[in-house]
Amino acid sequence: MNQDYISYIRSKVGHDKIMLNFVGGILTDEAGRVLLQLRGDMHTWGLPGGAMELGESSVDTCKREFLEETGITVEPVRLLNIYSNTETHYPNGDKTQSIVILYEVKALSDATKLDFTDSETLALRFFSREEIAGMTDLFEKHRVMLEEFFSGHFEMGR
């Protein structure tokens, strides 16, 4: 298959609601702040991550998506949770029920150089727990993930 999985599926079903698997990562700096990206699709801040491709493991997806969206090479160090009951409506009309596998990751390359940008990532920045709690432009499905991360309590079945 020469196209990515989402494009392939969308060519068959259009904008209808489908179930997709996503993988994300939480990277913290020495002050305990979390790296967020300003997303190009929704113009909201969120965790780096993206859709799994056919034949790809969740760990490989995490590494690939994190590098593609931040320019930072990472290694997943801990599975945090699996979120399976979130619905997203994208600006182009696509609808999904997302299954999100969330890892805590460590940087294997320089994570202090945050000038990486492209069509998916408009900006990168580390945010504190307090800053995130007050954000009005945070991708909503990531809010619960971040609250659980900062509290250290992960609820199963979300």
# chains A, B, ... in the order shown; residues from 1 in each chain; ligands from 1
call {"tool": "residues_around", "arguments": {"residues": "stretch 91-95 of chain A", "least_positions_apart": "2", "cutoff": "12 Å", "atoms": "only C-alpha atoms", "output": "ChimeraX atom specification"}}
result
/A:6-7,9-11,13-20,40-43,86-89,97-98
call {"tool": "residues_around", "arguments": {"residues": "A:Tyr83", "least_positions_apart": "6", "cutoff": "6 Å", "atoms": "only C-alpha atoms", "output": "PDB file with N, CA and C atoms, in the first residue's frame"}}
result
ATOM      1  N   ILE A  99      -8.801   5.019  19.794  1.00  0.00           N
ATOM      2  CA  ILE A  99      -8.158   4.213  20.823  1.00  0.00           C
ATOM      3  C   ILE A  99      -6.742   4.767  20.911  1.00  0.00           C
ATOM      4  N   VAL A 100      -6.407   5.355  22.069  1.00  0.00           N
ATOM      5  CA  VAL A 100      -5.121   6.014  22.239  1.00  0.00           C
ATOM      6  C   VAL A 100      -4.286   5.250  23.265  1.00  0.00           C
ATOM      7  N   ARG A 158     -11.334   4.224  30.318  1.00  0.00           N
ATOM      8  CA  ARG A 158     -11.707   5.558  29.767  1.00  0.00           C
ATOM      9  C   ARG A 158     -11.841   5.488  28.274  1.00  0.00           C
TER      10      ARG A 158
END
call {"tool": "residues_around", "arguments": {"residues": "A:Gly32", "least_positions_apart": "2", "cutoff": "12 Å", "atoms": "only C-alpha atoms", "output": "JSON, numbers by chain"}}
result
{"A": [26, 27, 28, 29, 30, 34, 35, 126, 127, 128, 129, 130, 149, 150]}
call {"tool": "select_by_dssp", "arguments": {"residues": "chain A", "states": "strand (DSSP E)", "output": "VMD selection string"}}
result
chain A and resid 18 to 26 34 to 39 45 to 46 49 to 51 74 to 89 95 to 107 121 to 127
call {"tool": "atom_distance", "arguments": {"atom1": "atom CA of A:Gln3", "atom2": "atom CA of A:Glu140"}}
result
28.6 Å
call {"tool": "atom_distance", "arguments": {"atom1": "atom CA of A:Lys12", "atom2": "atom CA of A:Leu102"}}
result
28.1 Å
call {"tool": "closest_residue", "arguments": {"among": "A:Leu146, A:Leu80, A:Ala123, A:Val105", "to": "A:Phe66", "atoms": "only C-alpha atoms"}}
result
A:Val105
call {"tool": "residues_around", "arguments": {"residues": "A:Tyr5", "least_positions_apart": "5", "cutoff": "8 Å", "atoms": "only C-alpha atoms", "output": "JSON, numbers by chain"}}
result
{"A": [52, 53, 54]}
call {"tool": "closest_residue", "arguments": {"among": "A:Leu108, A:Ile132, A:Met156, A:Val144", "to": "A:Arg33", "atoms": "only C-alpha atoms"}}
result
A:Ile132
call {"tool": "atom_distance", "arguments": {"atom1": "atom CA of A:Phe116", "atom2": "atom CA of A:Glu69"}}
result
8.0 Å
call {"tool": "residues_around", "arguments": {"residues": "A:Val23", "least_positions_apart": "4", "cutoff": "12 Å", "atoms": "only C-alpha atoms", "output": "short mmCIF file (atom, residue, chain, number, x, y, z; two decimals) with N, CA, C and O atoms, in the first residue's frame"}}
result
data_model
loop_
_atom_site.label_atom_id
_atom_site.label_comp_id
_atom_site.auth_asym_id
_atom_site.auth_seq_id
_atom_site.Cartn_x
_atom_site.Cartn_y
_atom_site.Cartn_z
N LEU A 47 -0.64 16.62 22.96
CA LEU A 47 0.50 15.71 23.09
C LEU A 47 0.96 15.24 21.72
O LEU A 47 0.13 14.96 20.85
N PRO A 48 2.26 15.12 21.51
CA PRO A 48 2.75 14.56 20.25
C PRO A 48 2.31 13.10 20.12
O PRO A 48 2.31 12.34 21.09
N GLY A 49 1.91 12.73 18.92
CA GLY A 49 1.48 11.36 18.65
C GLY A 49 0.71 11.30 17.37
O GLY A 49 0.48 12.32 16.70
N GLY A 50 0.27 10.10 17.00
CA GLY A 50 -0.48 9.97 15.77
C GLY A 50 -0.93 8.55 15.53
O GLY A 50 -0.81 7.68 16.40
N ALA A 51 -1.44 8.33 14.35
CA ALA A 51 -2.08 7.07 13.98
C ALA A 51 -1.07 5.97 13.68
O ALA A 51 -0.01 6.21 13.10
N MET A 52 -1.45 4.76 14.09
CA MET A 52 -0.66 3.58 13.76
C MET A 52 -0.86 3.25 12.29
O MET A 52 -1.94 3.42 11.74
N GLU A 53 0.20 2.78 11.66
CA GLU A 53 0.13 2.27 10.30
C GLU A 53 0.00 0.75 10.36
O GLU A 53 0.37 0.12 11.36
N GLU A 56 2.56 -1.93 12.11
CA GLU A 56 3.42 -1.17 13.02
C GLU A 56 3.01 -1.45 14.47
O GLU A 56 1.82 -1.48 14.79
N SER A 57 3.98 -1.60 15.36
CA SER A 57 3.68 -1.76 16.78
C SER A 57 3.40 -0.40 17.40
O SER A 57 3.77 0.65 16.85
N SER A 58 2.79 -0.41 18.59
CA SER A 58 2.52 0.85 19.27
C SER A 58 3.82 1.56 19.66
O SER A 58 3.90 2.79 19.60
N VAL A 59 4.84 0.82 20.05
CA VAL A 59 6.13 1.42 20.40
C VAL A 59 6.76 2.07 19.18
O VAL A 59 7.25 3.21 19.24
N ASP A 60 6.73 1.37 18.05
CA ASP A 60 7.29 1.95 16.82
C ASP A 60 6.51 3.18 16.38
O ASP A 60 7.10 4.16 15.91
N THR A 61 5.18 3.15 16.54
CA THR A 61 4.36 4.32 16.21
C THR A 61 4.74 5.50 17.08
O THR A 61 4.88 6.63 16.60
N CYS A 62 4.90 5.25 18.38
CA CYS A 62 5.27 6.32 19.30
C CYS A 62 6.58 6.97 18.88
O CYS A 62 6.67 8.19 18.78
N LYS A 63 7.58 6.17 18.61
CA LYS A 63 8.88 6.69 18.20
C LYS A 63 8.78 7.48 16.90
O LYS A 63 9.31 8.59 16.79
N ARG A 64 8.09 6.91 15.89
CA ARG A 64 7.98 7.56 14.58
C ARG A 64 7.21 8.87 14.67
O ARG A 64 7.66 9.91 14.19
N GLU A 65 6.04 8.83 15.31
CA GLU A 65 5.20 10.02 15.38
C GLU A 65 5.88 11.13 16.20
O GLU A 65 5.80 12.30 15.83
N PHE A 66 6.52 10.76 17.29
CA PHE A 66 7.19 11.77 18.11
C PHE A 66 8.29 12.46 17.30
O PHE A 66 8.42 13.68 17.31
N PRO A 76 9.98 4.94 24.43
CA PRO A 76 8.96 4.74 25.45
C PRO A 76 9.54 3.98 26.64
O PRO A 76 10.27 3.00 26.46
N LEU A 79 4.18 2.29 29.85
CA LEU A 79 2.81 2.41 29.37
C LEU A 79 2.00 3.08 30.47
O LEU A 79 1.99 2.62 31.61
N LEU A 80 1.34 4.19 30.12
CA LEU A 80 0.57 4.93 31.12
C LEU A 80 -0.88 4.49 31.15
O LEU A 80 -1.44 4.26 32.22
N ASN A 81 -1.53 4.41 29.99
CA ASN A 81 -2.93 4.02 29.94
C ASN A 81 -3.35 3.83 28.49
O ASN A 81 -2.64 4.22 27.57
N ILE A 82 -4.53 3.25 28.34
CA ILE A 82 -5.17 3.13 27.03
C ILE A 82 -6.53 3.80 27.15
O ILE A 82 -7.30 3.49 28.05
N TYR A 83 -6.78 4.74 26.26
CA TYR A 83 -8.03 5.51 26.25
C TYR A 83 -8.83 5.06 25.03
O TYR A 83 -8.34 5.16 23.91
N SER A 84 -10.04 4.56 25.26
CA SER A 84 -10.77 3.94 24.16
C SER A 84 -12.15 4.54 23.91
O SER A 84 -12.89 4.04 23.08
N SER A 98 -11.46 7.13 18.88
CA SER A 98 -10.03 6.89 18.96
C SER A 98 -9.69 5.94 20.09
O SER A 98 -10.23 6.05 21.19
N ILE A 99 -8.80 5.02 19.79
CA ILE A 99 -8.16 4.21 20.82
C ILE A 99 -6.74 4.77 20.91
O ILE A 99 -5.99 4.72 19.94
N VAL A 100 -6.41 5.36 22.07
CA VAL A 100 -5.12 6.01 22.24
C VAL A 100 -4.29 5.25 23.26
O VAL A 100 -4.71 5.06 24.40
N ILE A 101 -3.12 4.82 22.85
CA ILE A 101 -2.15 4.18 23.73
C ILE A 101 -1.16 5.27 24.12
O ILE A 101 -0.55 5.90 23.25
N LEU A 102 -1.04 5.51 25.42
CA LEU A 102 -0.20 6.61 25.90
C LEU A 102 1.00 6.08 26.67
O LEU A 102 0.85 5.32 27.63
N TYR A 103 2.18 6.52 26.25
CA TYR A 103 3.44 6.15 26.90
C TYR A 103 4.09 7.37 27.55
O TYR A 103 3.93 8.49 27.07
N GLU A 104 4.85 7.12 28.59
CA GLU A 104 5.82 8.09 29.06
C GLU A 104 7.09 7.79 28.27
O GLU A 104 7.45 6.62 28.09
N VAL A 105 7.75 8.84 27.77
CA VAL A 105 8.93 8.64 26.94
C VAL A 105 10.12 9.41 27.51
O VAL A 105 9.95 10.37 28.26
N HIS A 142 -6.90 15.30 25.29
CA HIS A 142 -5.62 15.18 25.98
C HIS A 142 -5.67 15.72 27.40
O HIS A 142 -4.79 15.43 28.20
#
call {"tool": "select_by_dssp", "arguments": {"residues": "chain A", "states": "helix (DSSP H, G or I)", "output": "ChimeraX atom specification"}}
result
/A:5-13,58-70,129-133,140-151
call {"tool": "write_last_selection", "arguments": {"atoms": "N, CA and C atoms", "output": "short mmCIF file (atom, residue, chain, number, x, y, z; two decimals), in the first residue's frame"}}
result
data_model
loop_
_atom_site.label_atom_id
_atom_site.label_comp_id
_atom_site.auth_asym_id
_atom_site.auth_seq_id
_atom_site.Cartn_x
_atom_site.Cartn_y
_atom_site.Cartn_z
N TYR A 5 -2.47 4.65 6.16
CA TYR A 5 -3.66 3.87 6.51
C TYR A 5 -4.92 4.72 6.58
N ILE A 6 -4.83 5.90 7.19
CA ILE A 6 -6.03 6.74 7.31
C ILE A 6 -6.53 7.16 5.93
N SER A 7 -5.65 7.56 5.04
CA SER A 7 -6.06 7.94 3.68
C SER A 7 -6.71 6.76 2.96
N TYR A 8 -6.15 5.58 3.16
CA TYR A 8 -6.70 4.37 2.54
C TYR A 8 -8.12 4.11 3.05
N ILE A 9 -8.30 4.11 4.35
CA ILE A 9 -9.62 3.85 4.94
C ILE A 9 -10.61 4.94 4.51
N ARG A 10 -10.17 6.19 4.57
CA ARG A 10 -11.06 7.30 4.19
C ARG A 10 -11.47 7.22 2.73
N SER A 11 -10.62 6.66 1.86
CA SER A 11 -11.00 6.51 0.45
C SER A 11 -12.15 5.52 0.30
N LYS A 12 -12.35 4.68 1.30
CA LYS A 12 -13.43 3.69 1.27
C LYS A 12 -14.70 4.18 1.96
N VAL A 13 -14.56 4.94 3.06
CA VAL A 13 -15.73 5.28 3.89
C VAL A 13 -16.04 6.76 3.95
N SER A 58 2.79 -0.41 18.59
CA SER A 58 2.52 0.85 19.27
C SER A 58 3.82 1.56 19.66
N VAL A 59 4.84 0.82 20.05
CA VAL A 59 6.13 1.42 20.40
C VAL A 59 6.76 2.07 19.18
N ASP A 60 6.73 1.37 18.05
CA ASP A 60 7.29 1.95 16.82
C ASP A 60 6.51 3.18 16.38
N THR A 61 5.18 3.15 16.54
CA THR A 61 4.36 4.32 16.21
C THR A 61 4.74 5.50 17.08
N CYS A 62 4.90 5.25 18.38
CA CYS A 62 5.27 6.32 19.30
C CYS A 62 6.58 6.97 18.88
N LYS A 63 7.58 6.17 18.61
CA LYS A 63 8.88 6.69 18.20
C LYS A 63 8.78 7.48 16.90
N ARG A 64 8.09 6.91 15.89
CA ARG A 64 7.98 7.56 14.58
C ARG A 64 7.21 8.87 14.67
N GLU A 65 6.04 8.83 15.31
CA GLU A 65 5.20 10.02 15.38
C GLU A 65 5.88 11.13 16.20
N PHE A 66 6.52 10.76 17.29
CA PHE A 66 7.19 11.77 18.11
C PHE A 66 8.29 12.46 17.30
N LEU A 67 9.07 11.67 16.56
CA LEU A 67 10.13 12.25 15.73
C LEU A 67 9.54 13.11 14.62
N GLU A 68 8.48 12.63 13.96
CA GLU A 68 7.86 13.39 12.87
C GLU A 68 7.27 14.71 13.35
N GLU A 69 6.74 14.73 14.57
CA GLU A 69 6.04 15.92 15.04
C GLU A 69 6.88 16.85 15.91
N THR A 70 8.06 16.38 16.35
CA THR A 70 8.88 17.22 17.22
C THR A 70 10.34 17.32 16.78
N ARG A 129 2.20 21.95 35.08
CA ARG A 129 0.88 21.46 35.46
C ARG A 129 -0.10 22.63 35.62
N GLU A 130 0.36 23.69 36.25
CA GLU A 130 -0.50 24.86 36.49
C GLU A 130 -0.87 25.55 35.18
N GLU A 131 0.10 25.67 34.29
CA GLU A 131 -0.18 26.29 32.99
C GLU A 131 -1.20 25.46 32.20
N ILE A 132 -1.03 24.14 32.22
CA ILE A 132 -1.94 23.26 31.48
C ILE A 132 -3.35 23.34 32.07
N ALA A 133 -3.46 23.38 33.39
CA ALA A 133 -4.78 23.45 34.04
C ALA A 133 -5.56 24.69 33.60
N GLU A 140 -9.03 18.77 23.85
CA GLU A 140 -9.80 18.27 25.00
C GLU A 140 -9.53 16.81 25.33
N LYS A 141 -9.36 15.95 24.34
CA LYS A 141 -9.14 14.55 24.68
C LYS A 141 -7.80 14.33 25.37
N HIS A 142 -6.90 15.30 25.29
CA HIS A 142 -5.62 15.18 25.98
C HIS A 142 -5.67 15.72 27.40
N ARG A 143 -6.68 16.49 27.73
CA ARG A 143 -6.79 17.07 29.08
C ARG A 143 -6.84 15.97 30.15
N VAL A 144 -7.67 14.96 29.94
CA VAL A 144 -7.78 13.85 30.91
C VAL A 144 -6.45 13.12 31.03
N MET A 145 -5.80 12.89 29.91
CA MET A 145 -4.51 12.19 29.92
C MET A 145 -3.49 12.96 30.76
N LEU A 146 -3.45 14.25 30.58
CA LEU A 146 -2.50 15.08 31.33
C LEU A 146 -2.87 15.17 32.80
N GLU A 147 -4.15 15.28 33.11
CA GLU A 147 -4.58 15.29 34.51
C GLU A 147 -4.18 13.99 35.20
N GLU A 148 -4.39 12.86 34.53
CA GLU A 148 -4.00 11.58 35.11
C GLU A 148 -2.49 11.49 35.28
N PHE A 149 -1.74 11.96 34.30
CA PHE A 149 -0.28 11.91 34.40
C PHE A 149 0.21 12.70 35.61
N PHE A 150 -0.28 13.92 35.75
CA PHE A 150 0.18 14.76 36.87
C PHE A 150 -0.27 14.22 38.22
N SER A 151 -1.44 13.59 38.28
CA SER A 151 -1.93 13.05 39.55
C SER A 151 -1.27 11.71 39.88
#
